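J.: Here you go, one structure.
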Amino acid sequence: FQAAGGATSGKAKSVLLIYTMGGISHHDSFDPKPNAPAEIRGEFGTMPTRLPGIRFSDQVPLLADRVGQYALLRSICHNERDHGVSAYYMLRGYRQPDPSFDLPANQFRANPNIGSHVGRLLGSPNGLPPYICVPGLSYLAQVNYYTAGWMGRAYDPFILKSDPNSPNFEVRGLTPRLEVSADRLHGRIDLARSIDAGFRRFEASPAAKSMTGQYDRAYQVLSTTKARQAFDMSAEPAKLREAYGRSRLGQSCLLGRRLVEAGVPFVTVDDDGWDHHAKVFPGLRQRLPELDRCLTTLLDDLRERGLLESTLVALLTDFGRTPVINASAGRDHWPGVFSVILA
């Protein structure tokens, strides 16, 4: 693309967005306060990074060692204290008009997710959907936070609803039934279109208008091997799978890399479990090393394959956590300032 005045746009061909619902505690990860009182400082130690004067929590040593290979923004802020409203803002770029937009009945009034814009503009590569959500098991995926809103369901994401870390991982619906040949499948598509033609009045609704596009996209996915190959996690070496971490988040990031490699313009890795109102330190002792491991491996893997130059990796979250530790040994919602990572 060429911007106004002849300036060229960025080099990214794909976006890999890791969204951590709940709100990562910036105090205990990327923006610690080692000289603050104990009730603010918390239990974790800190460690130096490659950038003089910048310290990280000792729970993310791999990311600390790679400072300079990504952009760390410690000054993100907004005014929303609710998870859903904050996620709406972070994922769609607009403030949520009212809380009822959480409801399925109102999803067509919502602003489109960032991925829907990218999918509409760049289209579908190699028979794959242009906007995919992995693994699609979080609360946000269940209540339509990744959807295209008023843009129409044709630009909704393809949501896996399956854990890539499962030994029996598969994406349902990618392989046609054995008894349904390609000709028979094509005949079913023609039949569906014929039936649709009889419901002119119904087709005037926005939901119905988008269904034809949905059917066409599903048929495109079924009729190509590209999708099955991209989702085949067994093709990855065991050593690399271990490097990402044998967790839902780790294997979802690895699958995200496979989809970017296959040419998918926008991949969201959706994660949850970061809402630590109580026992924040035991919770983060499990979650932060997991994130540290998979994010650094993802960046290294993309770089080694020559993909990082054309892939924007973004780690986003709802908001930060309160400076003062509460009576339940946790931290509450704090949109006043928090951290995100871009690479």
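Chain lettering (A, B, ...) mirrors the order of the structure tokens, residue numbering begins at 1 for each chain separately, and ligand numbering begins at 1 in order of display.
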Which residues of stretch 33-53 of chain A have any atom within 12 Å of an atom in stretch 284-299 of chain A when counting only C-alpha atoms, and what is the closest pair of atoms for each, with the distance in Å to one decimal? Order the rows by chain and rising number and write it as JSON lines.

T.:
```
{"residue": "A:Gly42", "atom": "CA", "partner": "A:Leu284", "partner_atom": "CA", "distance": 11.6}
{"residue": "A:Glu43", "atom": "CA", "partner": "A:Arg285", "partner_atom": "CA", "distance": 10.4}
{"residue": "A:Phe44", "atom": "CA", "partner": "A:Arg285", "partner_atom": "CA", "distance": 9.1}
{"residue": "A:Gly45", "atom": "CA", "partner": "A:Arg285", "partner_atom": "CA", "distance": 11.9}
```

J.: Do you have, as a tab-separated table, the list of residues of stretch 74-101 of chain A lying at most 10 Å from stretch 133-145 of chain A, each with its nearest atom pair and that distance in Å to one decimal, counting only C-alpha atoms and ordered by chain then number?

T.:
```
residue	atom	partner	partner_atom	distance
A:His83	CA	A:Leu140	CA	9.6
A:Gly84	CA	A:Leu140	CA	7.9
A:Val85	CA	A:Tyr145	CA	10.0
A:Ala87	CA	A:Tyr145	CA	7.6
A:Tyr88	CA	A:Tyr145	CA	6.7
A:Leu91	CA	A:Tyr145	CA	7.7
A:Arg92	CA	A:Tyr145	CA	8.6
A:Phe101	CA	A:Tyr145	CA	9.4
```

J.: Can those selected residues be exported to a file as a PDB file, in the first residue's frame so that it contains C-alpha atoms?

T.:
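In the end it all went to again-v4.pdb:
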```pdb
ATOM      1  CA  HIS A  83     -12.997  -6.616  32.007  1.00  0.00           C
ATOM      2  CA  GLY A  84     -15.514  -6.705  29.182  1.00  0.00           C
ATOM      3  CA  VAL A  85     -15.538  -2.969  28.558  1.00  0.00           C
ATOM      4  CA  ALA A  87     -11.435  -5.807  26.266  1.00  0.00           C
ATOM      5  CA  TYR A  88     -13.905  -4.120  23.901  1.00  0.00           C
ATOM      6  CA  LEU A  91      -9.666  -5.265  20.759  1.00  0.00           C
ATOM      7  CA  ARG A  92     -11.947  -2.933  18.813  1.00  0.00           C
ATOM      8  CA  PHE A 101     -23.140  -5.055  23.904  1.00  0.00           C
TER       9      PHE A 101
END
```

J.: Which is closest to A:Leu17 among A:Gly149, A:Gly256, A:Gly123, A:Gly93, if we use only C-alpha atoms?

T.: A:Gly256

J.: A:Glu261, A:Asp272, A:Asp301, A:Glu39: which is nearest A:Arg241, counting only C-alpha atoms?

T.: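 Closest candidate: A:Asp301.
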
J.: What's around A:Ile114 at 12 Å? Count only C-alpha atoms, leave out sequence neighbours fewer than 5 positions away in its own chain, and write the answer as a list in words.

T.: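 Selected residues are Val15, Leu16, Leu17, Ala87, Tyr88, Tyr89, Met90, Leu91, Arg92, Gly93, Tyr94, Gly119, Arg120, Leu121, Tyr131, Ile132, Tyr145, Tyr146, Thr147, Ala148, Gly149, Met151, Tyr155, Asp156, Pro157, Pro265, Phe266, Val267 and Thr268 of chain A.
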
J.: Tell me which of A:Pro164, A:Gly68, A:Pro37, A:Pro125 sits closest to A:Leu255, counting only C-alpha atoms.

T.: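 For A:Leu255, the nearest of the candidates is A:Pro164.
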
J.: Find the spatial neighbours of stretch 322-325 of chain A, counting only C-alpha atoms, within a cut-off of 9 Å - ignore same-chain residues fewer than 3 positions away - and output them as a ChimeraX atom specification.

T.: /A:25,27,38-42,280,328-336

J.: Give me a file of those residues, with all heavy atoms, as a tab-separated table (two decimals), in the first residue's frame.

T.:
```
chain	number	residue	atom	x	y	z
A	25	SER	N	-0.47	-8.27	35.85
A	25	SER	CA	0.08	-7.33	36.82
A	25	SER	C	1.41	-6.79	36.32
A	25	SER	O	2.41	-7.51	36.29
A	25	SER	CB	0.28	-8.02	38.18
A	25	SER	OG	0.95	-7.14	39.06
A	27	HIS	N	3.22	-4.61	37.78
A	27	HIS	CA	4.13	-4.51	38.92
A	27	HIS	C	4.99	-5.77	39.07
A	27	HIS	O	6.14	-5.71	39.51
A	27	HIS	CB	3.35	-4.33	40.22
A	27	HIS	CG	2.61	-3.04	40.30
A	27	HIS	ND1	3.22	-1.84	40.56
A	27	HIS	CD2	1.30	-2.77	40.11
A	27	HIS	CE1	2.32	-0.88	40.56
A	27	HIS	NE2	1.14	-1.41	40.29
A	38	ALA	N	6.95	-2.70	50.93
A	38	ALA	CA	6.62	-4.11	50.69
A	38	ALA	C	5.21	-4.31	50.18
A	38	ALA	O	4.95	-5.19	49.35
A	38	ALA	CB	6.83	-4.91	51.98
A	39	GLU	N	4.25	-3.49	50.66
A	39	GLU	CA	2.85	-3.67	50.24
A	39	GLU	C	2.62	-3.26	48.79
A	39	GLU	O	1.58	-3.56	48.20
A	39	GLU	CB	1.91	-2.87	51.15
A	39	GLU	CG	2.05	-1.36	51.09
A	39	GLU	CD	3.08	-0.83	52.09
A	39	GLU	OE1	3.92	-1.63	52.57
A	39	GLU	OE2	3.00	0.37	52.39
A	40	ILE	N	3.59	-2.62	48.17
A	40	ILE	CA	3.55	-2.31	46.74
A	40	ILE	C	4.53	-3.20	45.98
A	40	ILE	O	4.21	-3.74	44.92
A	40	ILE	CB	3.89	-0.83	46.49
A	40	ILE	CG1	2.79	0.07	47.07
A	40	ILE	CG2	4.10	-0.54	45.01
A	40	ILE	CD1	3.09	1.55	46.98
A	41	ARG	N	5.70	-3.38	46.54
A	41	ARG	CA	6.78	-4.13	45.87
A	41	ARG	C	6.38	-5.56	45.60
A	41	ARG	O	6.66	-6.11	44.52
A	41	ARG	CB	8.03	-4.07	46.74
A	41	ARG	CG	9.26	-4.68	46.08
A	41	ARG	CD	10.48	-4.47	46.95
A	41	ARG	NE	10.40	-5.19	48.23
A	41	ARG	CZ	10.32	-4.61	49.41
A	41	ARG	NH1	10.29	-3.28	49.51
A	41	ARG	NH2	10.25	-5.33	50.53
A	42	GLY	N	5.75	-6.23	46.56
A	42	GLY	CA	5.36	-7.62	46.38
A	42	GLY	C	6.46	-8.60	46.69
A	42	GLY	O	7.53	-8.24	47.20
A	280	VAL	N	-2.17	-13.44	44.30
A	280	VAL	CA	-1.58	-13.06	43.02
A	280	VAL	C	-0.21	-13.71	42.80
A	280	VAL	O	0.13	-14.10	41.68
A	280	VAL	CB	-1.47	-11.52	42.91
A	280	VAL	CG1	-0.60	-10.92	43.99
A	280	VAL	CG2	-0.98	-11.10	41.53
A	328	SER	N	-6.62	-9.78	50.36
A	328	SER	CA	-6.65	-11.19	49.92
A	328	SER	C	-5.34	-11.59	49.26
A	328	SER	O	-5.28	-12.61	48.55
A	328	SER	CB	-7.81	-11.40	48.94
A	328	SER	OG	-9.05	-11.11	49.54
A	329	ALA	N	-4.29	-10.80	49.49
A	329	ALA	CA	-2.97	-11.05	48.89
A	329	ALA	C	-3.04	-11.05	47.36
A	329	ALA	O	-2.35	-11.81	46.69
A	329	ALA	CB	-2.38	-12.36	49.40
A	330	GLY	N	-3.91	-10.17	46.85
A	330	GLY	CA	-4.03	-10.03	45.40
A	330	GLY	C	-3.95	-8.57	44.99
A	330	GLY	O	-3.70	-7.68	45.80
A	331	ARG	N	-4.15	-8.33	43.71
A	331	ARG	CA	-4.18	-6.96	43.19
A	331	ARG	C	-5.46	-6.81	42.36
A	331	ARG	O	-5.84	-7.71	41.63
A	331	ARG	CB	-2.96	-6.68	42.31
A	331	ARG	CG	-1.60	-6.75	43.03
A	331	ARG	CD	-0.51	-6.22	42.12
A	331	ARG	NE	0.84	-6.51	42.57
A	331	ARG	CZ	1.58	-5.69	43.34
A	331	ARG	NH1	1.06	-4.55	43.75
A	331	ARG	NH2	2.82	-6.03	43.67
A	332	ASP	N	-6.10	-5.66	42.47
A	332	ASP	CA	-7.36	-5.41	41.79
A	332	ASP	C	-7.14	-4.69	40.46
A	332	ASP	O	-6.02	-4.50	40.02
A	332	ASP	CB	-8.29	-4.63	42.72
A	332	ASP	CG	-8.58	-5.39	44.01
A	332	ASP	OD1	-8.85	-6.60	43.93
A	332	ASP	OD2	-8.49	-4.79	45.11
A	333	HIS	N	-8.23	-4.31	39.80
A	333	HIS	CA	-8.17	-3.70	38.48
A	333	HIS	C	-7.55	-2.31	38.55
A	333	HIS	O	-7.84	-1.52	39.44
A	333	HIS	CB	-9.58	-3.58	37.89
A	333	HIS	CG	-10.29	-4.87	37.75
A	333	HIS	ND1	-11.59	-4.97	37.30
A	333	HIS	CD2	-9.90	-6.16	38.00
A	333	HIS	CE1	-11.96	-6.23	37.28
A	333	HIS	NE2	-10.95	-6.98	37.71
A	334	TRP	N	-6.70	-2.00	37.53
A	334	TRP	CA	-5.99	-0.71	37.54
A	334	TRP	C	-5.72	-0.27	36.10
A	334	TRP	O	-4.69	-0.59	35.50
A	334	TRP	CB	-4.68	-0.84	38.30
A	334	TRP	CG	-3.97	0.46	38.56
A	334	TRP	CD1	-2.88	0.94	37.87
A	334	TRP	CD2	-4.29	1.43	39.56
A	334	TRP	NE1	-2.51	2.16	38.39
A	334	TRP	CE2	-3.35	2.48	39.44
A	334	TRP	CE3	-5.27	1.52	40.55
A	334	TRP	CZ2	-3.37	3.61	40.27
A	334	TRP	CZ3	-5.28	2.62	41.38
A	334	TRP	CH2	-4.36	3.66	41.23
A	335	PRO	N	-6.66	0.48	35.48
A	335	PRO	CA	-6.44	0.93	34.11
A	335	PRO	C	-5.57	2.16	33.98
A	335	PRO	O	-5.24	2.59	32.88
A	335	PRO	CB	-7.87	1.25	33.64
A	335	PRO	CG	-8.57	1.69	34.88
A	335	PRO	CD	-7.99	0.87	36.00
A	336	GLY	N	-5.14	2.73	35.13
A	336	GLY	CA	-4.37	3.96	35.12
A	336	GLY	C	-3.05	3.86	34.39
A	336	GLY	O	-2.57	4.84	33.81
```

J.: One decimal, Å: what's the distance from atom CA of A:Cys77 over to atom CA of A:Arg95, could you say?

T.: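 Taking atom CA of A:Cys77 as the start and atom CA of A:Arg95 as the end point, the length is 13.0 Å.
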
J.: Quick one, how far is atom CA of A:Val264 from atom CA of A:Ser124?

T.: 7.4 Å

J.: What does the distance from atom CA of A:Met233 to atom CA of A:Ser310 come to in Å, to one decimal?

T.: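 Here the two named atoms are 22.6 Å from each other.
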
J.: Which of these residues is nearest to A:Leu72, using only C-alpha atoms: A:Leu249, A:Ile54, A:Ala12, A:Leu122?

T.: A:Ile54

J.: Which residues, written as a list of chain:residue names, have at least one atom at most 7 Å from A:Ala110, with only C-alpha atoms counted and residues fewer than 2 positions away on the same chain left out?

T.: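 Near neighbours after the sequence-gap exclusion: A:Phe101, A:Asn106, A:Gln107, A:Phe108, A:Pro112, A:Gly149, A:Trp150.
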
J.: Hey, which of A:Arg74, A:Arg109, A:Lys226, A:Arg66 ends up closest to A:Pro32? Count only C-alpha atoms.

T.: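 Closest residue, counting only C-alpha atoms: A:Arg74.
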
J.: Within 7 Å of A:Ala230, counting only C-alpha atoms, which residues qualify if same-chain residues fewer than 3 places away don't, as a list in words?

T.: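 Here the qualifying residues turn out to be Lys226, Ala227, Arg258, Leu259 and Ala262 of chain A.
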
J.: Would you save the residues of that selection, restricted to C-alpha atoms, as an mmCIF file, in the first residue's frame?

T.:
```
data_model
loop_
_atom_site.group_PDB
_atom_site.id
_atom_site.type_symbol
_atom_site.label_atom_id
_atom_site.label_comp_id
_atom_site.auth_asym_id
_atom_site.auth_seq_id
_atom_site.Cartn_x
_atom_site.Cartn_y
_atom_site.Cartn_z
ATOM 1 C CA LYS A 226 -3.773 -25.998 2.950
ATOM 2 C CA ALA A 227 -5.962 -25.670 6.033
ATOM 3 C CA ARG A 258 2.153 -22.060 11.709
ATOM 4 C CA LEU A 259 -0.837 -20.009 10.569
ATOM 5 C CA ALA A 262 0.717 -20.289 5.904
#
```

J.: I'd like to know which of A:Phe30, A:Gln96, A:Asn326, A:Asn165 is closest to A:Ser247, using only C-alpha atoms.

T.: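 Nearest to A:Ser247: A:Asn165.
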
J.: Which parts of stretch 251-310 of chain A does DSSP call helix (DSSP H, G or I) when run on the backbone here, written out as an NGL selection string?

T.: :A and (251-261 or 280-304 or 308-310)
